[in-house]
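Okay, data38.cif is below, mmCIF, C-alpha atoms:
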```cif
data_run
loop_
_atom_site.group_PDB
_atom_site.id
_atom_site.type_symbol
_atom_site.label_atom_id
_atom_site.label_comp_id
_atom_site.auth_asym_id
_atom_site.auth_seq_id
_atom_site.Cartn_x
_atom_site.Cartn_y
_atom_site.Cartn_z
ATOM 1 C CA MET U 1 -33.200 18.464 50.630
ATOM 2 C CA SER U 2 -29.585 18.143 51.401
ATOM 3 C CA ALA U 3 -27.466 16.019 49.165
ATOM 4 C CA VAL U 4 -25.941 13.036 50.866
ATOM 5 C CA THR U 5 -22.345 12.504 49.860
ATOM 6 C CA ARG U 6 -20.489 9.298 50.380
ATOM 7 C CA PRO U 7 -17.257 9.749 52.214
ATOM 8 C CA ALA U 8 -14.095 8.711 50.480
ATOM 9 C CA VAL U 9 -12.827 5.440 51.805
ATOM 10 C CA ALA U 10 -9.097 5.212 52.265
ATOM 11 C CA ARG U 11 -7.352 1.962 52.826
ATOM 12 C CA GLN U 12 -3.712 1.216 53.157
ATOM 13 C CA GLY U 13 -2.287 0.914 49.675
ATOM 14 C CA LEU U 14 -5.645 1.649 47.964
ATOM 15 C CA LYS U 15 -7.597 4.840 47.268
ATOM 16 C CA ILE U 16 -11.302 4.295 46.690
ATOM 17 C CA ARG U 17 -13.659 7.190 45.976
ATOM 18 C CA SER U 18 -17.334 7.179 45.120
ATOM 19 C CA GLY U 19 -17.941 6.711 41.428
ATOM 20 C CA GLN U 20 -14.283 5.996 40.713
ATOM 21 C CA ARG U 21 -12.335 2.888 39.921
ATOM 22 C CA ILE U 22 -10.060 1.280 42.457
ATOM 23 C CA VAL U 23 -6.554 2.486 41.755
ATOM 24 C CA LEU U 24 -3.281 1.411 43.252
ATOM 25 C CA SER U 25 -1.349 3.972 45.228
ATOM 26 C CA HIS U 26 2.107 4.989 44.138
ATOM 27 C CA GLY U 27 3.746 2.669 46.662
ATOM 28 C CA TRP U 28 1.843 -0.447 45.604
ATOM 29 C CA ALA U 29 2.326 0.341 41.926
ATOM 30 C CA ARG U 30 6.062 0.615 42.500
ATOM 31 C CA ILE U 31 6.158 -2.690 44.402
ATOM 32 C CA LEU U 32 4.166 -4.442 41.662
ATOM 33 C CA THR U 33 6.479 -3.020 39.007
ATOM 34 C CA MET U 34 9.543 -4.223 40.880
ATOM 35 C CA LEU U 35 8.034 -7.713 41.277
ATOM 36 C CA LEU U 36 7.293 -7.943 37.569
ATOM 37 C CA PHE U 37 10.793 -6.731 36.784
ATOM 38 C CA ALA U 38 12.264 -9.350 39.127
ATOM 39 C CA VAL U 39 10.263 -12.129 37.442
ATOM 40 C CA ALA U 40 11.353 -10.942 33.994
ATOM 41 C CA PHE U 41 14.956 -10.722 35.192
ATOM 42 C CA ILE U 42 14.891 -14.278 36.503
ATOM 43 C CA TYR U 43 13.229 -15.602 33.363
ATOM 44 C CA PHE U 44 15.538 -13.902 30.845
ATOM 45 C CA VAL U 45 18.841 -13.140 32.570
ATOM 46 C CA VAL U 46 19.421 -16.128 34.846
ATOM 47 C CA PRO U 47 19.703 -18.630 31.930
ATOM 48 C CA VAL U 48 22.232 -16.329 30.270
ATOM 49 C CA CYS U 49 24.213 -16.157 33.528
ATOM 50 C CA TRP U 50 24.204 -19.948 33.743
ATOM 51 C CA LEU U 51 25.316 -20.175 30.120
ATOM 52 C CA PHE U 52 28.243 -17.848 30.850
ATOM 53 C CA VAL U 53 29.304 -19.840 33.911
ATOM 54 C CA ALA U 54 29.051 -23.121 32.003
ATOM 55 C CA SER U 55 31.109 -21.674 29.143
ATOM 56 C CA THR U 56 34.033 -21.074 31.494
ATOM 57 C CA LYS U 57 34.323 -24.735 32.545
ATOM 58 C CA SER U 58 36.101 -27.704 31.082
ATOM 59 C CA ALA U 59 34.225 -30.807 29.964
ATOM 60 C CA GLY U 60 34.985 -32.514 33.285
ATOM 61 C CA ASP U 61 34.087 -29.538 35.501
ATOM 62 C CA LEU U 62 30.824 -29.065 33.625
ATOM 63 C CA TYR U 63 29.341 -32.243 35.087
ATOM 64 C CA THR U 64 31.135 -32.348 38.452
ATOM 65 C CA THR U 65 30.611 -28.806 39.789
ATOM 66 C CA PRO U 66 27.387 -26.976 40.781
ATOM 67 C CA SER U 67 25.582 -25.196 37.961
ATOM 68 C CA PHE U 68 26.260 -21.614 39.068
ATOM 69 C CA ALA U 69 29.648 -22.269 40.673
ATOM 70 C CA PHE U 70 32.818 -21.267 38.841
ATOM 71 C CA ALA U 71 35.602 -23.799 38.435
ATOM 72 C CA LYS U 72 38.901 -23.158 36.690
ATOM 73 C CA PHE U 73 38.241 -20.219 34.346
ATOM 74 C CA ARG U 74 38.726 -21.544 30.807
ATOM 75 C CA LEU U 75 36.495 -19.240 28.771
ATOM 76 C CA PHE U 76 39.181 -18.018 26.373
ATOM 77 C CA GLU U 77 40.615 -21.513 25.945
ATOM 78 C CA ASN U 78 37.117 -22.806 25.173
ATOM 79 C CA ILE U 79 36.522 -20.028 22.632
ATOM 80 C CA GLY U 80 39.818 -20.857 20.945
ATOM 81 C CA ALA U 81 38.883 -24.540 20.799
ATOM 82 C CA LEU U 82 35.457 -23.573 19.447
ATOM 83 C CA PHE U 83 36.893 -21.617 16.524
ATOM 84 C CA ALA U 84 39.507 -24.286 15.781
ATOM 85 C CA TYR U 85 37.214 -27.330 15.865
ATOM 86 C CA GLN U 86 36.793 -29.019 12.462
ATOM 87 C CA ASN U 87 38.870 -26.370 10.686
ATOM 88 C CA GLY U 88 36.769 -23.497 11.947
ATOM 89 C CA VAL U 89 33.325 -24.713 10.899
ATOM 90 C CA TYR U 90 31.773 -22.555 13.638
ATOM 91 C CA LEU U 91 33.042 -19.404 11.898
ATOM 92 C CA ARG U 92 31.428 -20.669 8.700
ATOM 93 C CA TRP U 93 28.138 -21.111 10.562
ATOM 94 C CA ILE U 94 28.382 -17.558 11.914
ATOM 95 C CA ALA U 95 28.939 -16.218 8.398
ATOM 96 C CA ASN U 96 25.964 -18.213 7.142
ATOM 97 C CA SER U 97 23.725 -16.933 9.929
ATOM 98 C CA ILE U 98 24.789 -13.347 9.245
ATOM 99 C CA LEU U 99 24.056 -13.834 5.552
ATOM 100 C CA TYR U 100 20.639 -15.407 6.152
ATOM 101 C CA SER U 101 19.659 -12.957 8.884
ATOM 102 C CA VAL U 102 21.006 -9.628 7.606
ATOM 103 C CA VAL U 103 20.316 -10.029 3.901
ATOM 104 C CA GLY U 104 17.024 -11.808 4.504
ATOM 105 C CA SER U 105 15.881 -9.246 7.083
ATOM 106 C CA LEU U 106 16.742 -6.264 4.878
ATOM 107 C CA LEU U 107 14.838 -7.782 1.959
ATOM 108 C CA THR U 108 11.928 -8.623 4.247
ATOM 109 C CA VAL U 109 11.813 -5.040 5.523
ATOM 110 C CA LEU U 110 11.807 -3.722 1.962
ATOM 111 C CA VAL U 111 9.012 -6.052 0.844
ATOM 112 C CA SER U 112 6.963 -5.374 3.987
ATOM 113 C CA ALA U 113 7.401 -1.615 3.625
ATOM 114 C CA MET U 114 6.294 -1.690 -0.015
ATOM 115 C CA CYS U 115 3.260 -3.835 0.754
ATOM 116 C CA GLY U 116 2.277 -1.733 3.765
ATOM 117 C CA TYR U 117 2.698 1.481 1.787
ATOM 118 C CA GLY U 118 0.630 0.173 -1.101
ATOM 119 C CA LEU U 119 -2.194 -0.973 1.163
ATOM 120 C CA ALA U 120 -2.218 2.324 3.083
ATOM 121 C CA VAL U 121 -1.947 4.778 0.198
ATOM 122 C CA TYR U 122 -3.619 3.213 -2.826
ATOM 123 C CA GLN U 123 -7.320 2.458 -3.087
ATOM 124 C CA PHE U 124 -8.057 -0.531 -5.292
ATOM 125 C CA ARG U 125 -10.562 -3.338 -5.597
ATOM 126 C CA GLY U 126 -9.878 -6.208 -3.191
ATOM 127 C CA ARG U 127 -7.822 -4.093 -0.792
ATOM 128 C CA LYS U 128 -9.936 -5.019 2.234
ATOM 129 C CA ILE U 129 -9.810 -8.689 1.283
ATOM 130 C CA ILE U 130 -6.013 -8.570 1.204
ATOM 131 C CA LEU U 131 -5.901 -6.846 4.594
ATOM 132 C CA GLY U 132 -8.243 -9.481 5.999
ATOM 133 C CA ALA U 133 -6.117 -12.280 4.567
ATOM 134 C CA VAL U 134 -2.996 -10.787 6.135
ATOM 135 C CA MET U 135 -4.699 -10.590 9.525
ATOM 136 C CA VAL U 136 -6.085 -14.123 9.274
ATOM 137 C CA SER U 137 -2.616 -15.434 8.453
ATOM 138 C CA PHE U 138 -1.580 -14.521 12.024
ATOM 139 C CA LEU U 139 -3.750 -17.412 13.219
ATOM 140 C CA VAL U 140 -1.814 -20.002 11.193
ATOM 141 C CA PRO U 141 1.139 -21.417 13.196
ATOM 142 C CA GLY U 142 4.448 -21.411 11.375
ATOM 143 C CA ALA U 143 5.042 -25.098 12.136
ATOM 144 C CA ALA U 144 1.935 -26.017 10.135
ATOM 145 C CA LEU U 145 3.445 -24.420 7.013
ATOM 146 C CA THR U 146 6.879 -26.017 7.280
ATOM 147 C CA GLN U 147 6.120 -29.246 5.435
ATOM 148 C CA PRO U 148 4.140 -27.653 2.540
ATOM 149 C CA LEU U 149 6.860 -25.021 2.229
ATOM 150 C CA TYR U 150 9.531 -27.715 2.156
ATOM 151 C CA LEU U 151 7.733 -29.637 -0.613
ATOM 152 C CA GLN U 152 7.322 -26.457 -2.617
ATOM 153 C CA LEU U 153 11.004 -25.535 -2.288
ATOM 154 C CA VAL U 154 12.067 -29.049 -3.305
ATOM 155 C CA ARG U 155 9.906 -28.872 -6.437
ATOM 156 C CA MET U 156 11.512 -25.506 -7.251
ATOM 157 C CA GLY U 157 14.971 -27.053 -6.879
ATOM 158 C CA LEU U 158 15.908 -24.834 -3.942
ATOM 159 C CA ASN U 159 16.717 -27.564 -1.446
ATOM 160 C CA ASN U 160 20.301 -27.374 -0.126
ATOM 161 C CA ASN U 161 20.396 -23.834 -1.496
ATOM 162 C CA ILE U 162 20.880 -20.457 0.181
ATOM 163 C CA LEU U 163 17.801 -19.069 -1.572
ATOM 164 C CA GLY U 164 15.711 -21.828 0.004
ATOM 165 C CA VAL U 165 16.374 -20.219 3.392
ATOM 166 C CA ILE U 166 16.152 -16.538 2.403
ATOM 167 C CA LEU U 167 13.130 -16.467 0.060
ATOM 168 C CA PRO U 168 10.512 -17.880 2.500
ATOM 169 C CA ALA U 169 11.437 -15.180 5.013
ATOM 170 C CA LEU U 170 10.285 -12.472 2.599
ATOM 171 C CA VAL U 171 6.641 -13.382 3.274
ATOM 172 C CA TYR U 172 6.137 -11.792 6.702
ATOM 173 C CA PRO U 173 2.504 -10.885 7.493
ATOM 174 C CA PHE U 174 3.418 -9.122 10.745
ATOM 175 C CA GLY U 175 5.842 -6.881 8.864
ATOM 176 C CA VAL U 176 3.208 -6.013 6.263
ATOM 177 C CA MET U 177 0.589 -5.177 8.890
ATOM 178 C CA PHE U 178 3.037 -3.210 11.040
ATOM 179 C CA SER U 179 4.247 -1.248 8.006
ATOM 180 C CA TRP U 180 0.637 -0.500 7.076
ATOM 181 C CA LEU U 181 -0.027 0.866 10.550
ATOM 182 C CA THR U 182 3.249 2.823 10.488
ATOM 183 C CA VAL U 183 2.366 4.540 7.217
ATOM 184 C CA GLN U 184 -1.053 5.507 8.545
ATOM 185 C CA ALA U 185 0.404 6.879 11.781
ATOM 186 C CA SER U 186 3.618 8.511 10.555
ATOM 187 C CA VAL U 187 3.147 9.542 6.922
ATOM 188 C CA PRO U 188 0.590 12.316 6.228
ATOM 189 C CA MET U 189 -1.106 12.005 2.867
ATOM 190 C CA GLU U 190 -0.519 15.731 2.301
ATOM 191 C CA ILE U 191 3.232 15.111 2.044
ATOM 192 C CA ILE U 192 2.742 12.366 -0.534
ATOM 193 C CA GLU U 193 0.377 14.537 -2.553
ATOM 194 C CA ALA U 194 2.806 17.475 -2.369
ATOM 195 C CA ALA U 195 5.610 15.251 -3.657
ATOM 196 C CA ARG U 196 3.433 14.163 -6.574
ATOM 197 C CA VAL U 197 2.572 17.776 -7.387
ATOM 198 C CA ASP U 198 6.281 18.643 -7.390
ATOM 199 C CA GLY U 199 6.868 15.950 -9.997
ATOM 200 C CA ALA U 200 8.323 13.168 -7.871
ATOM 201 C CA GLY U 201 7.531 9.702 -9.143
ATOM 202 C CA GLU U 202 6.098 6.960 -6.977
ATOM 203 C CA ILE U 203 9.437 5.188 -6.552
ATOM 204 C CA ARG U 204 11.248 8.384 -5.565
ATOM 205 C CA THR U 205 8.442 9.355 -3.210
ATOM 206 C CA PHE U 206 8.592 5.995 -1.501
ATOM 207 C CA PHE U 207 12.368 5.731 -1.079
ATOM 208 C CA GLN U 208 13.264 9.371 -0.390
ATOM 209 C CA ILE U 209 10.217 10.625 1.514
ATOM 210 C CA VAL U 210 8.165 7.771 2.941
ATOM 211 C CA MET U 211 10.834 5.306 4.086
ATOM 212 C CA PRO U 212 12.755 7.855 6.238
ATOM 213 C CA MET U 213 9.476 8.683 7.992
ATOM 214 C CA MET U 214 8.892 4.966 8.641
ATOM 215 C CA ARG U 215 12.284 4.548 10.315
ATOM 216 C CA VAL U 216 11.030 3.516 13.749
ATOM 217 C CA GLY U 217 8.490 1.021 12.416
ATOM 218 C CA LEU U 218 10.919 -0.500 9.923
ATOM 219 C CA THR U 219 13.562 -0.842 12.641
ATOM 220 C CA THR U 220 11.062 -2.813 14.704
ATOM 221 C CA VAL U 221 10.253 -5.063 11.756
ATOM 222 C CA PHE U 222 13.972 -5.599 11.133
ATOM 223 C CA LEU U 223 14.609 -6.611 14.751
ATOM 224 C CA PHE U 224 11.751 -9.108 14.820
ATOM 225 C CA THR U 225 12.808 -10.531 11.466
ATOM 226 C CA PHE U 226 16.469 -10.706 12.457
ATOM 227 C CA MET U 227 15.728 -12.544 15.691
ATOM 228 C CA GLY U 228 13.403 -14.990 13.944
ATOM 229 C CA SER U 229 15.937 -15.675 11.210
ATOM 230 C CA TRP U 230 18.895 -15.939 13.613
ATOM 231 C CA ASN U 231 17.063 -18.531 15.725
ATOM 232 C CA ASN U 232 15.371 -20.288 12.800
ATOM 233 C CA TYR U 233 15.938 -24.017 13.012
ATOM 234 C CA MET U 234 13.153 -26.094 11.484
ATOM 235 C CA LEU U 235 13.212 -24.938 7.849
ATOM 236 C CA PRO U 236 17.034 -24.781 7.441
ATOM 237 C CA MET U 237 17.293 -28.207 9.060
ATOM 238 C CA MET U 238 14.887 -29.649 6.480
ATOM 239 C CA ILE U 239 16.246 -27.754 3.467
ATOM 240 C CA LEU U 240 20.015 -27.929 3.985
ATOM 241 C CA ASP U 241 22.065 -31.123 3.738
ATOM 242 C CA ASP U 242 25.561 -29.653 3.515
ATOM 243 C CA PRO U 243 27.004 -28.803 6.985
ATOM 244 C CA LYS U 244 28.922 -25.920 5.393
ATOM 245 C CA LEU U 245 25.586 -24.205 4.681
ATOM 246 C CA TYR U 246 24.189 -24.655 8.200
ATOM 247 C CA PRO U 247 23.252 -21.607 10.250
ATOM 248 C CA LEU U 248 24.281 -21.499 13.901
ATOM 249 C CA ALA U 249 21.028 -22.944 15.234
ATOM 250 C CA VAL U 250 21.226 -26.081 13.084
ATOM 251 C CA GLY U 251 24.954 -26.549 13.634
ATOM 252 C CA LEU U 252 24.751 -26.238 17.422
ATOM 253 C CA VAL U 253 21.849 -28.681 17.625
ATOM 254 C CA ASP U 254 23.839 -31.116 15.520
ATOM 255 C CA TRP U 255 26.785 -30.754 17.919
ATOM 256 C CA ASN U 256 24.493 -31.276 20.882
ATOM 257 C CA LYS U 257 23.292 -34.574 19.413
ATOM 258 C CA GLN U 258 26.867 -35.713 18.949
ATOM 259 C CA SER U 259 27.867 -34.689 22.488
ATOM 260 C CA THR U 260 26.590 -38.003 23.854
ATOM 261 C CA SER U 261 29.533 -39.711 22.160
ATOM 262 C CA VAL U 262 32.045 -36.808 22.045
ATOM 263 C CA ALA U 263 32.348 -35.189 25.484
ATOM 264 C CA GLN U 264 34.153 -32.117 24.146
ATOM 265 C CA LEU U 265 31.141 -31.139 22.041
ATOM 266 C CA GLY U 266 29.044 -30.618 25.174
ATOM 267 C CA THR U 267 31.274 -27.727 26.247
ATOM 268 C CA LEU U 268 31.690 -26.409 22.703
ATOM 269 C CA THR U 269 27.922 -26.351 22.240
ATOM 270 C CA LEU U 270 27.483 -24.217 25.357
ATOM 271 C CA VAL U 271 30.327 -21.882 24.414
ATOM 272 C CA GLY U 272 28.961 -21.586 20.884
ATOM 273 C CA SER U 273 25.499 -20.753 22.236
ATOM 274 C CA PHE U 274 26.990 -18.048 24.451
ATOM 275 C CA VAL U 275 29.020 -16.535 21.601
ATOM 276 C CA SER U 276 25.928 -16.570 19.360
ATOM 277 C CA LEU U 277 24.276 -14.065 21.717
ATOM 278 C CA VAL U 278 26.865 -11.389 20.924
ATOM 279 C CA PRO U 279 25.505 -10.462 17.441
ATOM 280 C CA LEU U 280 21.979 -10.156 18.855
ATOM 281 C CA ILE U 281 23.193 -7.809 21.584
ATOM 282 C CA LEU U 282 25.129 -5.693 19.071
ATOM 283 C CA VAL U 283 22.120 -5.422 16.761
ATOM 284 C CA PHE U 284 19.927 -4.214 19.629
ATOM 285 C CA ILE U 285 22.543 -1.680 20.750
ATOM 286 C CA PHE U 286 23.049 -0.167 17.295
ATOM 287 C CA SER U 287 19.319 -0.120 16.500
ATOM 288 C CA GLN U 288 18.490 1.988 19.567
ATOM 289 C CA ARG U 289 19.730 5.156 17.878
ATOM 290 C CA TYR U 290 17.066 4.811 15.156
ATOM 291 C CA TRP U 291 14.340 4.311 17.763
ATOM 292 C CA LYS U 292 15.479 7.329 19.776
ATOM 293 C CA SER U 293 15.843 9.579 16.743
ATOM 294 C CA GLY U 294 12.421 8.550 15.408
ATOM 295 C CA ILE U 295 10.700 9.061 18.745
ATOM 296 C CA ALA U 296 12.381 12.451 19.213
ATOM 297 C CA ALA U 297 11.373 13.540 15.714
ATOM 298 C CA GLY U 298 7.785 12.502 16.417
ATOM 299 C CA GLY U 299 7.802 14.468 19.667
ATOM 300 C CA VAL U 300 9.024 17.613 17.881
ATOM 301 C CA LYS U 301 6.301 17.293 15.230
ATOM 302 C CA MET U 302 3.612 16.966 17.861
#
```
Just give me the structure of the file as structure tokens.
Amino acid sequence: MSAVTRPAVARQGLKIRSGQRIVLSHGWARILTMLLFAVAFIYFVVPVCWLFVASTKSAGDLYTTPSFAFAKFRLFENIGALFAYQNGVYLRWIANSILYSVVGSLLTVLVSAMCGYGLAVYQFRGRKIILGAVMVSFLVPGAALTQPLYLQLVRMGLNNNILGVILPALVYPFGVMFSWLTVQASVPMEIIEAARVDGAGEIRTFFQIVMPMMRVGLTTVFLFTFMGSWNNYMLPMMILDDPKLYPLAVGLVDWNKQSTSVAQLGTLTLVGSFVSLVPLILVFIFSQRYWKSGIAAGGVKM
């Protein structure tokens, strides 16, 4: 008996063979990639472009000219007015945001790294329960915890206090889980055991051996934490009463509410929102070197 073979069916843009999945040809895959890139570009970049154009206009031109049309270029004058308004309160908000975001993110990374390392390396009773609780906590929306967290901070006397903004950020389930996965993927147990045999204590092993090997994962946790803290609005708005302690998000929203009665604040709010993007861009640029070095080191090891 002669075996009957099914001929390969070729269609334009698709390659279908017997017993195989339908796969896109190189041309269609490239077109689909470009379409997805175009959608992402429109979704993320176009609002930033509009924000830049709006930041270059005066209060009158902002409402009388088309959205993406330039009028008289007043970007530097608007930035000067932004920094001078109310004795430079915007600079105070920037300093507050940097304090909350940088210090809070570094502490969050440290706590997450310690928790992830402990869950990955040590075997103890209740370890699986803790891991399950961390995973289940992903299902709880952050907005549902805002009011209980606010009541708890008020009872602790941390309302209108810097610590009331920084301390809640230290509990970051995503950072703990990501650090746990990073330790399992990047830190061989043989290295930890060799360090213990050589007489290194647990603290020295963690800080001098484990943390450098977790560089890529910890950089990712830092970026997520930094972005969340930089854009955090709800909790600081509820905790802080003094405008001098406001982060940028709370201060700009407060200006936006007042813009209905003070026309100048409409332009200053837009310019302040545009300037607030600069620290985020700088953080992403400087953090790329840690990603690249970590990925290259992993490639050499493999």
Just so the selection is clear, what residues does the PyMOL selection byres ((chain U and resi 78) around 12) cover here, as a short mmCIF file (atom, residue, chain, number, x, y, z; two decimals) with C-alpha atoms, in the coordinates of the input?
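Result file is selection.cif:
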```cif
data_model
loop_
_atom_site.label_atom_id
_atom_site.label_comp_id
_atom_site.auth_asym_id
_atom_site.auth_seq_id
_atom_site.Cartn_x
_atom_site.Cartn_y
_atom_site.Cartn_z
CA PHE U 52 28.24 -17.85 30.85
CA ALA U 54 29.05 -23.12 32.00
CA SER U 55 31.11 -21.67 29.14
CA THR U 56 34.03 -21.07 31.49
CA LYS U 57 34.32 -24.74 32.54
CA SER U 58 36.10 -27.70 31.08
CA ALA U 59 34.22 -30.81 29.96
CA LYS U 72 38.90 -23.16 36.69
CA PHE U 73 38.24 -20.22 34.35
CA ARG U 74 38.73 -21.54 30.81
CA LEU U 75 36.49 -19.24 28.77
CA PHE U 76 39.18 -18.02 26.37
CA GLU U 77 40.62 -21.51 25.94
CA ILE U 79 36.52 -20.03 22.63
CA GLY U 80 39.82 -20.86 20.94
CA ALA U 81 38.88 -24.54 20.80
CA LEU U 82 35.46 -23.57 19.45
CA PHE U 83 36.89 -21.62 16.52
CA ALA U 84 39.51 -24.29 15.78
CA TYR U 85 37.21 -27.33 15.86
CA GLN U 264 34.15 -32.12 24.15
CA LEU U 265 31.14 -31.14 22.04
CA GLY U 266 29.04 -30.62 25.17
CA THR U 267 31.27 -27.73 26.25
CA LEU U 268 31.69 -26.41 22.70
CA THR U 269 27.92 -26.35 22.24
CA LEU U 270 27.48 -24.22 25.36
CA VAL U 271 30.33 -21.88 24.41
CA GLY U 272 28.96 -21.59 20.88
CA PHE U 274 26.99 -18.05 24.45
CA VAL U 275 29.02 -16.54 21.60
#
```
note - CA of Lys128 (chain U) and CA of Val187 (chain U) are separated by 20.1 Å
Selection result for the PyMOL selection byres ((chain U and resi 138-153) around 10) on this file, as a VMD selection string = chain U and resid 133 to 137 154 to 161 163 to 165 167 to 168 172 to 174 234 to 236 238 to 239
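Non-sequential neighbours of Met189 (chain U) (distance at most 12 Å, separation of 3 or more positions within a chain, only C-alpha atoms) are Tyr117, Ala120, Val121, Tyr122, Val183, Gln184, Ala185, Ser186, Ile192, Glu193, Ala194, Ala195, Arg196, Thr205, Ile209 and Val210 of chain U.
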What residues come out when you apply the PyMOL selection byres ((chain U and resi 99) around 12) to this file, written as a CSV table (one decimal) with C-alpha atoms, in the frame of the given file?
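So expr.csv came out as:
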```csv
chain,number,residue,atom,x,y,z
U,92,ARG,CA,31.4,-20.7,8.7
U,93,TRP,CA,28.1,-21.1,10.6
U,94,ILE,CA,28.4,-17.6,11.9
U,95,ALA,CA,28.9,-16.2,8.4
U,96,ASN,CA,26.0,-18.2,7.1
U,97,SER,CA,23.7,-16.9,9.9
U,98,ILE,CA,24.8,-13.3,9.2
U,100,TYR,CA,20.6,-15.4,6.2
U,101,SER,CA,19.7,-13.0,8.9
U,102,VAL,CA,21.0,-9.6,7.6
U,103,VAL,CA,20.3,-10.0,3.9
U,104,GLY,CA,17.0,-11.8,4.5
U,105,SER,CA,15.9,-9.2,7.1
U,106,LEU,CA,16.7,-6.3,4.9
U,107,LEU,CA,14.8,-7.8,2.0
U,162,ILE,CA,20.9,-20.5,0.2
U,163,LEU,CA,17.8,-19.1,-1.6
U,165,VAL,CA,16.4,-20.2,3.4
U,166,ILE,CA,16.2,-16.5,2.4
U,226,PHE,CA,16.5,-10.7,12.5
U,229,SER,CA,15.9,-15.7,11.2
U,230,TRP,CA,18.9,-15.9,13.6
U,245,LEU,CA,25.6,-24.2,4.7
U,246,TYR,CA,24.2,-24.7,8.2
U,247,PRO,CA,23.3,-21.6,10.2
U,248,LEU,CA,24.3,-21.5,13.9
```
